[in-house]
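Reproduced below: upload.cif, with mmCIF, N, CA and C atoms and all ligand atoms.
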```cif
data_query
loop_
_atom_site.label_atom_id
_atom_site.label_comp_id
_atom_site.auth_asym_id
_atom_site.auth_seq_id
_atom_site.Cartn_x
_atom_site.Cartn_y
_atom_site.Cartn_z
N MET J 1 0.85 -1.18 0.00
CA MET J 1 0.00 0.00 0.00
C MET J 1 0.89 1.24 0.00
N SER J 2 0.58 2.17 -0.84
CA SER J 2 1.38 3.39 -0.91
C SER J 2 1.02 4.32 0.26
N THR J 3 1.88 5.31 0.49
CA THR J 3 1.61 6.29 1.53
C THR J 3 0.32 7.05 1.22
N ALA J 4 0.12 7.36 -0.05
CA ALA J 4 -1.10 8.08 -0.46
C ALA J 4 -2.34 7.24 -0.15
N ASP J 5 -2.25 5.92 -0.42
CA ASP J 5 -3.39 5.04 -0.11
C ASP J 5 -3.66 5.02 1.39
N ALA J 6 -2.58 4.91 2.20
CA ALA J 6 -2.73 4.87 3.66
C ALA J 6 -3.35 6.17 4.17
N GLU J 7 -2.92 7.31 3.59
CA GLU J 7 -3.48 8.60 4.01
C GLU J 7 -4.94 8.71 3.63
N LEU J 8 -5.29 8.18 2.45
CA LEU J 8 -6.69 8.23 2.02
C LEU J 8 -7.56 7.40 2.95
N ILE J 9 -7.08 6.21 3.33
CA ILE J 9 -7.84 5.35 4.25
C ILE J 9 -7.98 6.05 5.60
N ALA J 10 -6.86 6.61 6.12
CA ALA J 10 -6.91 7.28 7.43
C ALA J 10 -7.88 8.45 7.41
N SER J 11 -7.93 9.18 6.30
CA SER J 11 -8.81 10.36 6.25
C SER J 11 -10.27 9.97 6.15
N SER J 12 -10.56 8.72 5.78
CA SER J 12 -11.96 8.30 5.66
C SER J 12 -12.48 7.67 6.95
N LEU J 13 -11.61 7.53 7.97
CA LEU J 13 -12.04 6.94 9.23
C LEU J 13 -12.80 7.95 10.06
N VAL J 14 -13.72 7.43 10.85
CA VAL J 14 -14.39 8.26 11.85
C VAL J 14 -13.93 7.74 13.21
N PHE J 15 -13.48 8.67 14.07
CA PHE J 15 -12.98 8.27 15.39
C PHE J 15 -14.09 8.37 16.43
N HIS J 16 -14.23 7.31 17.20
CA HIS J 16 -15.30 7.20 18.18
C HIS J 16 -14.70 7.07 19.58
N LYS J 17 -15.28 7.79 20.54
CA LYS J 17 -14.82 7.66 21.93
C LYS J 17 -15.24 6.29 22.46
N VAL J 18 -14.27 5.57 23.05
CA VAL J 18 -14.57 4.25 23.59
C VAL J 18 -14.24 4.12 25.08
N GLY J 19 -13.53 5.10 25.65
CA GLY J 19 -13.20 4.98 27.06
C GLY J 19 -12.22 6.04 27.48
N SER J 20 -11.67 5.87 28.67
CA SER J 20 -10.78 6.90 29.22
C SER J 20 -9.35 6.40 29.35
N ALA J 21 -8.43 7.33 29.12
CA ALA J 21 -7.01 7.02 29.27
C ALA J 21 -6.67 6.71 30.72
N GLU J 22 -7.36 7.37 31.65
CA GLU J 22 -7.08 7.12 33.06
C GLU J 22 -7.40 5.67 33.42
N ALA J 23 -8.50 5.14 32.90
CA ALA J 23 -8.84 3.74 33.17
C ALA J 23 -7.76 2.81 32.63
N LEU J 24 -7.27 3.11 31.43
CA LEU J 24 -6.20 2.28 30.87
C LEU J 24 -4.96 2.32 31.75
N ARG J 25 -4.60 3.55 32.18
CA ARG J 25 -3.41 3.69 33.04
C ARG J 25 -3.60 2.96 34.37
N ASN J 26 -4.85 2.81 34.80
CA ASN J 26 -5.12 2.08 36.04
C ASN J 26 -5.22 0.58 35.83
N GLY J 27 -4.87 0.13 34.63
CA GLY J 27 -4.83 -1.31 34.38
C GLY J 27 -6.16 -1.92 33.96
N GLU J 28 -7.08 -1.08 33.49
CA GLU J 28 -8.38 -1.57 33.06
C GLU J 28 -8.48 -1.48 31.54
N PRO J 29 -8.33 -2.60 30.82
CA PRO J 29 -8.55 -2.56 29.38
C PRO J 29 -9.97 -2.13 29.07
N ILE J 30 -10.15 -1.55 27.90
CA ILE J 30 -11.47 -1.07 27.48
C ILE J 30 -12.15 -2.11 26.60
N GLY J 31 -13.40 -2.39 26.91
CA GLY J 31 -14.26 -3.17 26.01
C GLY J 31 -15.42 -2.29 25.63
N ALA J 32 -15.66 -2.09 24.33
CA ALA J 32 -16.72 -1.18 23.89
C ALA J 32 -17.29 -1.68 22.57
N LYS J 33 -18.45 -1.13 22.24
CA LYS J 33 -19.03 -1.41 20.93
C LYS J 33 -19.23 -0.08 20.20
N VAL J 34 -18.88 -0.09 18.94
CA VAL J 34 -19.15 1.06 18.07
C VAL J 34 -20.03 0.51 16.96
N GLY J 35 -21.30 0.81 17.04
CA GLY J 35 -22.24 0.16 16.11
C GLY J 35 -22.21 -1.34 16.36
N ASP J 36 -21.96 -2.10 15.32
CA ASP J 36 -21.88 -3.56 15.46
C ASP J 36 -20.47 -4.06 15.76
N GLN J 37 -19.51 -3.14 15.78
CA GLN J 37 -18.11 -3.54 15.94
C GLN J 37 -17.69 -3.52 17.41
N ALA J 38 -17.37 -4.68 17.97
CA ALA J 38 -16.79 -4.73 19.31
C ALA J 38 -15.32 -4.37 19.21
N VAL J 39 -14.87 -3.61 20.20
CA VAL J 39 -13.49 -3.11 20.21
C VAL J 39 -12.89 -3.38 21.58
N ALA J 40 -11.62 -3.74 21.60
CA ALA J 40 -10.88 -3.88 22.86
C ALA J 40 -9.65 -2.98 22.76
N VAL J 41 -9.34 -2.30 23.86
CA VAL J 41 -8.20 -1.38 23.86
C VAL J 41 -7.32 -1.71 25.06
N PHE J 42 -6.01 -1.78 24.80
CA PHE J 42 -5.04 -2.17 25.82
C PHE J 42 -3.91 -1.15 25.88
N LEU J 43 -3.37 -0.95 27.08
CA LEU J 43 -2.15 -0.17 27.23
C LEU J 43 -1.02 -1.18 27.39
N VAL J 44 -0.09 -1.15 26.43
CA VAL J 44 1.03 -2.10 26.43
C VAL J 44 2.31 -1.28 26.40
N ASP J 45 3.09 -1.38 27.47
CA ASP J 45 4.21 -0.47 27.66
C ASP J 45 3.61 0.95 27.58
N ASP J 46 4.05 1.77 26.66
CA ASP J 46 3.44 3.09 26.52
C ASP J 46 2.54 3.18 25.29
N ASP J 47 2.26 2.04 24.67
CA ASP J 47 1.46 2.04 23.44
C ASP J 47 0.01 1.70 23.76
N ILE J 48 -0.89 2.42 23.12
CA ILE J 48 -2.31 2.10 23.21
C ILE J 48 -2.67 1.34 21.94
N ILE J 49 -3.16 0.12 22.12
CA ILE J 49 -3.45 -0.76 20.99
C ILE J 49 -4.93 -1.12 21.01
N ALA J 50 -5.59 -0.89 19.88
CA ALA J 50 -7.01 -1.23 19.74
C ALA J 50 -7.15 -2.39 18.75
N THR J 51 -7.92 -3.38 19.15
CA THR J 51 -8.18 -4.53 18.28
C THR J 51 -9.68 -4.77 18.24
N GLU J 52 -10.07 -5.68 17.36
CA GLU J 52 -11.46 -6.12 17.43
C GLU J 52 -11.67 -6.74 18.81
N GLY J 53 -12.89 -6.66 19.33
CA GLY J 53 -13.13 -7.07 20.70
C GLY J 53 -13.59 -8.49 20.90
N ILE J 54 -13.88 -9.17 19.80
CA ILE J 54 -14.41 -10.53 19.87
C ILE J 54 -13.39 -11.50 19.28
N CYS J 55 -13.06 -12.52 20.04
CA CYS J 55 -12.05 -13.49 19.60
C CYS J 55 -12.52 -14.22 18.33
N PRO J 56 -11.65 -14.32 17.33
CA PRO J 56 -12.04 -15.00 16.09
C PRO J 56 -12.14 -16.52 16.25
N HIS J 57 -11.69 -17.07 17.39
CA HIS J 57 -11.84 -18.50 17.59
C HIS J 57 -13.28 -18.86 17.87
N ALA J 58 -13.86 -18.29 18.94
CA ALA J 58 -15.24 -18.65 19.31
C ALA J 58 -15.91 -17.54 20.10
N THR J 59 -15.60 -16.29 19.71
CA THR J 59 -16.29 -15.08 20.19
C THR J 59 -16.04 -14.71 21.65
N GLY J 60 -14.93 -15.12 22.22
CA GLY J 60 -14.61 -14.71 23.59
C GLY J 60 -14.40 -13.21 23.69
N PRO J 61 -14.67 -12.63 24.88
CA PRO J 61 -14.53 -11.18 25.09
C PRO J 61 -13.06 -10.81 25.34
N LEU J 62 -12.40 -10.29 24.32
CA LEU J 62 -10.95 -10.11 24.41
C LEU J 62 -10.51 -9.07 25.43
N HIS J 63 -11.34 -8.09 25.76
CA HIS J 63 -10.92 -7.10 26.76
C HIS J 63 -10.78 -7.73 28.15
N GLU J 64 -11.33 -8.94 28.32
CA GLU J 64 -11.19 -9.66 29.59
C GLU J 64 -9.98 -10.59 29.59
N GLY J 65 -9.22 -10.57 28.50
CA GLY J 65 -8.06 -11.45 28.40
C GLY J 65 -6.88 -10.93 29.21
N GLU J 66 -5.84 -11.77 29.27
CA GLU J 66 -4.60 -11.42 29.98
C GLU J 66 -3.59 -10.92 28.96
N VAL J 67 -2.91 -9.83 29.31
CA VAL J 67 -1.82 -9.34 28.47
C VAL J 67 -0.52 -9.59 29.21
N GLU J 68 0.38 -10.29 28.53
CA GLU J 68 1.70 -10.55 29.10
C GLU J 68 2.71 -10.17 28.03
N GLY J 69 3.59 -9.25 28.36
CA GLY J 69 4.46 -8.71 27.32
C GLY J 69 3.57 -8.01 26.30
N ARG J 70 3.69 -8.41 25.06
CA ARG J 70 2.86 -7.81 24.00
C ARG J 70 1.94 -8.87 23.40
N VAL J 71 1.59 -9.86 24.24
CA VAL J 71 0.72 -10.96 23.79
C VAL J 71 -0.55 -10.98 24.64
N LEU J 72 -1.67 -11.06 23.94
CA LEU J 72 -2.99 -11.13 24.58
C LEU J 72 -3.47 -12.58 24.55
N THR J 73 -3.95 -13.07 25.69
CA THR J 73 -4.51 -14.42 25.76
C THR J 73 -5.99 -14.33 26.03
N CYS J 74 -6.78 -14.95 25.17
CA CYS J 74 -8.24 -14.93 25.29
C CYS J 74 -8.66 -15.65 26.57
N PRO J 75 -9.67 -15.10 27.29
CA PRO J 75 -10.09 -15.70 28.56
C PRO J 75 -10.85 -17.02 28.40
N TRP J 76 -11.35 -17.32 27.22
CA TRP J 76 -12.20 -18.50 27.11
C TRP J 76 -11.42 -19.79 26.88
N HIS J 77 -10.54 -19.84 25.90
CA HIS J 77 -9.83 -21.09 25.60
C HIS J 77 -8.32 -20.91 25.55
N GLY J 78 -7.86 -19.71 25.89
CA GLY J 78 -6.42 -19.52 26.03
C GLY J 78 -5.64 -19.32 24.76
N TRP J 79 -6.28 -19.08 23.65
CA TRP J 79 -5.51 -18.79 22.44
C TRP J 79 -4.89 -17.42 22.60
N SER J 80 -3.69 -17.26 22.00
CA SER J 80 -2.93 -16.03 22.19
C SER J 80 -2.76 -15.28 20.87
N PHE J 81 -2.65 -13.97 20.99
CA PHE J 81 -2.51 -13.09 19.83
C PHE J 81 -1.40 -12.10 20.07
N ASP J 82 -0.53 -11.95 19.07
CA ASP J 82 0.50 -10.92 19.10
C ASP J 82 -0.19 -9.57 18.87
N LEU J 83 -0.11 -8.69 19.85
CA LEU J 83 -0.84 -7.42 19.73
C LEU J 83 -0.21 -6.48 18.70
N ASP J 84 1.05 -6.69 18.36
CA ASP J 84 1.67 -5.82 17.34
C ASP J 84 1.22 -6.18 15.94
N SER J 85 1.03 -7.45 15.68
CA SER J 85 0.64 -7.87 14.32
C SER J 85 -0.81 -8.31 14.25
N GLY J 86 -1.37 -8.70 15.38
CA GLY J 86 -2.72 -9.27 15.41
C GLY J 86 -2.76 -10.76 15.12
N VAL J 87 -1.63 -11.34 14.76
CA VAL J 87 -1.59 -12.75 14.38
C VAL J 87 -1.79 -13.65 15.60
N CYS J 88 -2.59 -14.68 15.41
CA CYS J 88 -2.82 -15.67 16.46
C CYS J 88 -1.62 -16.59 16.57
N VAL J 89 -1.10 -16.75 17.77
CA VAL J 89 0.06 -17.60 18.00
C VAL J 89 -0.32 -19.07 17.79
N ASP J 90 -1.55 -19.43 18.13
CA ASP J 90 -1.98 -20.83 18.06
C ASP J 90 -2.42 -21.25 16.67
N ASP J 91 -2.90 -20.31 15.88
CA ASP J 91 -3.34 -20.60 14.52
C ASP J 91 -3.06 -19.36 13.68
N PRO J 92 -1.89 -19.32 13.02
CA PRO J 92 -1.49 -18.12 12.28
C PRO J 92 -2.45 -17.74 11.15
N CYS J 93 -3.40 -18.61 10.84
CA CYS J 93 -4.41 -18.23 9.83
C CYS J 93 -5.40 -17.22 10.39
N LEU J 94 -5.48 -17.14 11.72
CA LEU J 94 -6.39 -16.19 12.35
C LEU J 94 -5.62 -14.94 12.75
N HIS J 95 -6.27 -13.82 12.63
CA HIS J 95 -5.65 -12.62 13.17
C HIS J 95 -6.72 -11.61 13.55
N LEU J 96 -6.33 -10.76 14.50
CA LEU J 96 -7.22 -9.71 14.97
C LEU J 96 -7.06 -8.47 14.11
N LYS J 97 -8.17 -7.85 13.77
CA LYS J 97 -8.09 -6.52 13.16
C LYS J 97 -7.57 -5.56 14.20
N ARG J 98 -6.74 -4.64 13.77
CA ARG J 98 -6.28 -3.57 14.66
C ARG J 98 -6.83 -2.25 14.12
N PHE J 99 -7.07 -1.32 15.01
CA PHE J 99 -7.66 -0.05 14.63
C PHE J 99 -6.77 1.10 15.10
N PRO J 100 -6.73 2.19 14.33
CA PRO J 100 -5.96 3.35 14.79
C PRO J 100 -6.59 4.00 16.01
N VAL J 101 -5.75 4.58 16.83
CA VAL J 101 -6.19 5.19 18.10
C VAL J 101 -5.76 6.65 18.13
N GLN J 102 -6.62 7.48 18.68
CA GLN J 102 -6.26 8.86 19.02
C GLN J 102 -6.56 9.08 20.49
N VAL J 103 -5.78 9.96 21.12
CA VAL J 103 -6.04 10.35 22.51
C VAL J 103 -6.29 11.85 22.51
N LYS J 104 -7.46 12.23 23.03
CA LYS J 104 -7.79 13.65 23.14
C LYS J 104 -8.17 13.92 24.58
N GLY J 105 -7.27 14.61 25.30
CA GLY J 105 -7.49 14.79 26.72
C GLY J 105 -7.48 13.41 27.38
N ASP J 106 -8.56 13.09 28.08
CA ASP J 106 -8.66 11.77 28.72
C ASP J 106 -9.43 10.77 27.85
N ASP J 107 -9.86 11.21 26.68
CA ASP J 107 -10.68 10.33 25.84
C ASP J 107 -9.82 9.47 24.91
N ILE J 108 -10.16 8.19 24.86
CA ILE J 108 -9.57 7.28 23.88
C ILE J 108 -10.56 7.15 22.74
N LEU J 109 -10.07 7.43 21.54
CA LEU J 109 -10.91 7.34 20.35
C LEU J 109 -10.33 6.28 19.41
N VAL J 110 -11.21 5.51 18.79
CA VAL J 110 -10.79 4.45 17.87
C VAL J 110 -11.37 4.76 16.50
N GLY J 111 -10.53 4.63 15.48
CA GLY J 111 -10.95 4.93 14.12
C GLY J 111 -11.49 3.71 13.41
N LEU J 112 -12.70 3.85 12.90
CA LEU J 112 -13.34 2.76 12.16
C LEU J 112 -13.78 3.30 10.81
S1 LIG J 201 -12.98 -17.89 22.16
FE1 LIG J 201 -11.00 -17.07 22.30
S2 LIG J 201 -9.72 -18.81 22.41
FE2 LIG J 201 -11.70 -19.61 22.15
#
```
Starting from the file, lay out its structure as structure tokens.
Amino acid sequence: MSTADAELIASSLVFHKVGSAEALRNGEPIGAKVGDQAVAVFLVDDDIIATEGICPHATGPLHEGEVEGRVLTCPWHGWSFDLDSGVCVDDPCLHLKRFPVQVKGDDILVGL
């Protein structure tokens, strides 16, 4: 994808408030819905990472998962996902969608 294509996609996104930065800093991942899209947001080191909120294995709630290092483990059956790439460690054919994030004041916004 060219830089121009990436900029065009970014400019067509709408950013939605999904939670607060303070909650993330207090160790509370965000689980939210924007329309039909479930979203999960994690603070990993100093990075805020937003992914789809429903596990592609069998619909587990990913915001309730455990994050260790930069790997998220689903609470239902323990499958793990690399949060940087979205790729499932247990089945590389599966991956999580990731979404761009903006922070405005204390608001966390996710672009869809
Ligand atoms: S629902 Fe997530 S590992 Fe099964």
One-decimal distance in Å that lies between CA of Asp106 (chain J) and CA of Gly60 (chain J) | 27.6 Å
Considering all atoms listed in the file, return as number ranges by chain whatever protein or nucleic-acid residues lie within 8 Å of Asp84 (chain J), sequence-local ones (same chain, fewer than 4 positions apart) excluded.
-> J: 49, 70-72
Kindly compile the residues surrounding ligand LIG 201 (chain J) within 7 Å, counting only C-alpha atoms and all ligand atoms, and format them as a ChimeraX atom specification.
-> /J:55-60,74-79
Excluding same-chain residues fewer than 2 positions from Asp82 (chain J), what lies within 12 Å of it counting only C-alpha atoms, as a PyMOL selection string?
-> chain J and resi 44+49+51+67-74+79-80+84-92+94-98
In Å to one decimal, how far is CA of Leu83 (chain J) from CA of Asp46 (chain J)?
->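 Going from CA of Asp46 (chain J) over to CA of Leu83 (chain J) covers 13.2 Å.
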Write out as a list in words each polymer residue whose atoms come within 8 Å of Gly31 (chain J), counting only N, CA and C atoms; drop sequence neighbours fewer than 6 positions from it.
->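 Once the nearby chain positions are removed, what remains is Val18, Gly19, Ala38, Val39, Ala40, Val41, Phe42, Gly53, Pro61, Leu62, His63 and Glu64 of chain J.
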Can you list, as a PyMOL selection string, every residue of chain J that DSSP puts in strand (DSSP E or B)?
-> chain J and resi 15-20+30-34+37-44+47-52+54+61+66-68+71-73+80-82+87-88+95+98-99+101-104+107-111
What does the distance from CA of Gly27 (chain J) to CA of Phe15 (chain J) come to in Å, to one decimal?
-> 22.8 Å
Near-Ala21 (chain J) list (6 Å; only N, CA and C atoms; drop same-chain fewer than 3 positions) as a ChimeraX atom specification | /J:24-26,106-108
Could you write out the selected residues, including N, CA and C atoms, as a JSON list (two decimals), in the coordinates of the input?
```
[["chain", "number", "residue", "atom", "x", "y", "z"],
["J", 24, "LEU", "N", -7.27, 3.11, 31.43],
["J", 24, "LEU", "CA", -6.20, 2.28, 30.87],
["J", 24, "LEU", "C", -4.96, 2.32, 31.75],
["J", 25, "ARG", "N", -4.60, 3.55, 32.18],
["J", 25, "ARG", "CA", -3.41, 3.69, 33.04],
["J", 25, "ARG", "C", -3.60, 2.96, 34.37],
["J", 26, "ASN", "N", -4.85, 2.81, 34.80],
["J", 26, "ASN", "CA", -5.12, 2.08, 36.04],
["J", 26, "ASN", "C", -5.22, 0.58, 35.83],
["J", 106, "ASP", "N", -8.56, 13.09, 28.08],
["J", 106, "ASP", "CA", -8.66, 11.77, 28.72],
["J", 106, "ASP", "C", -9.43, 10.77, 27.85],
["J", 107, "ASP", "N", -9.86, 11.21, 26.68],
["J", 107, "ASP", "CA", -10.68, 10.33, 25.84],
["J", 107, "ASP", "C", -9.82, 9.47, 24.91],
["J", 108, "ILE", "N", -10.16, 8.19, 24.86],
["J", 108, "ILE", "CA", -9.57, 7.28, 23.88],
["J", 108, "ILE", "C", -10.56, 7.15, 22.74]]
```
Emit as AutoDock Vina command-line options the padded axis-aligned box for all listed atoms of region 92-98 of chain J, 4 Å per side, with centre and edge lengths in Å to one decimal.
```
--center_x -4.8 --center_y -10.8 --center_z 12.4 --size_x 14.7 --size_y 25.1 --size_z 13.1
```
Residue list as a ChimeraX atom specification for point (-6.6, 6.4, 12.9), cut-off 8 Å, only C-alpha atoms = /J:10,13,15,99-102,110-112
Which one of J:Val14, J:Gln37, J:Lys104, J:Pro29 sits closest to Glu52 (chain J) if you count all atoms listed in the file?
-> J:Gln37
Using DSSP on the backbone, list every residue of chain J that comes out as helix (DSSP H, G or I), and give them as an MDAnalysis selection string.
-> chainID J and resid 3:11 21:25 62:64
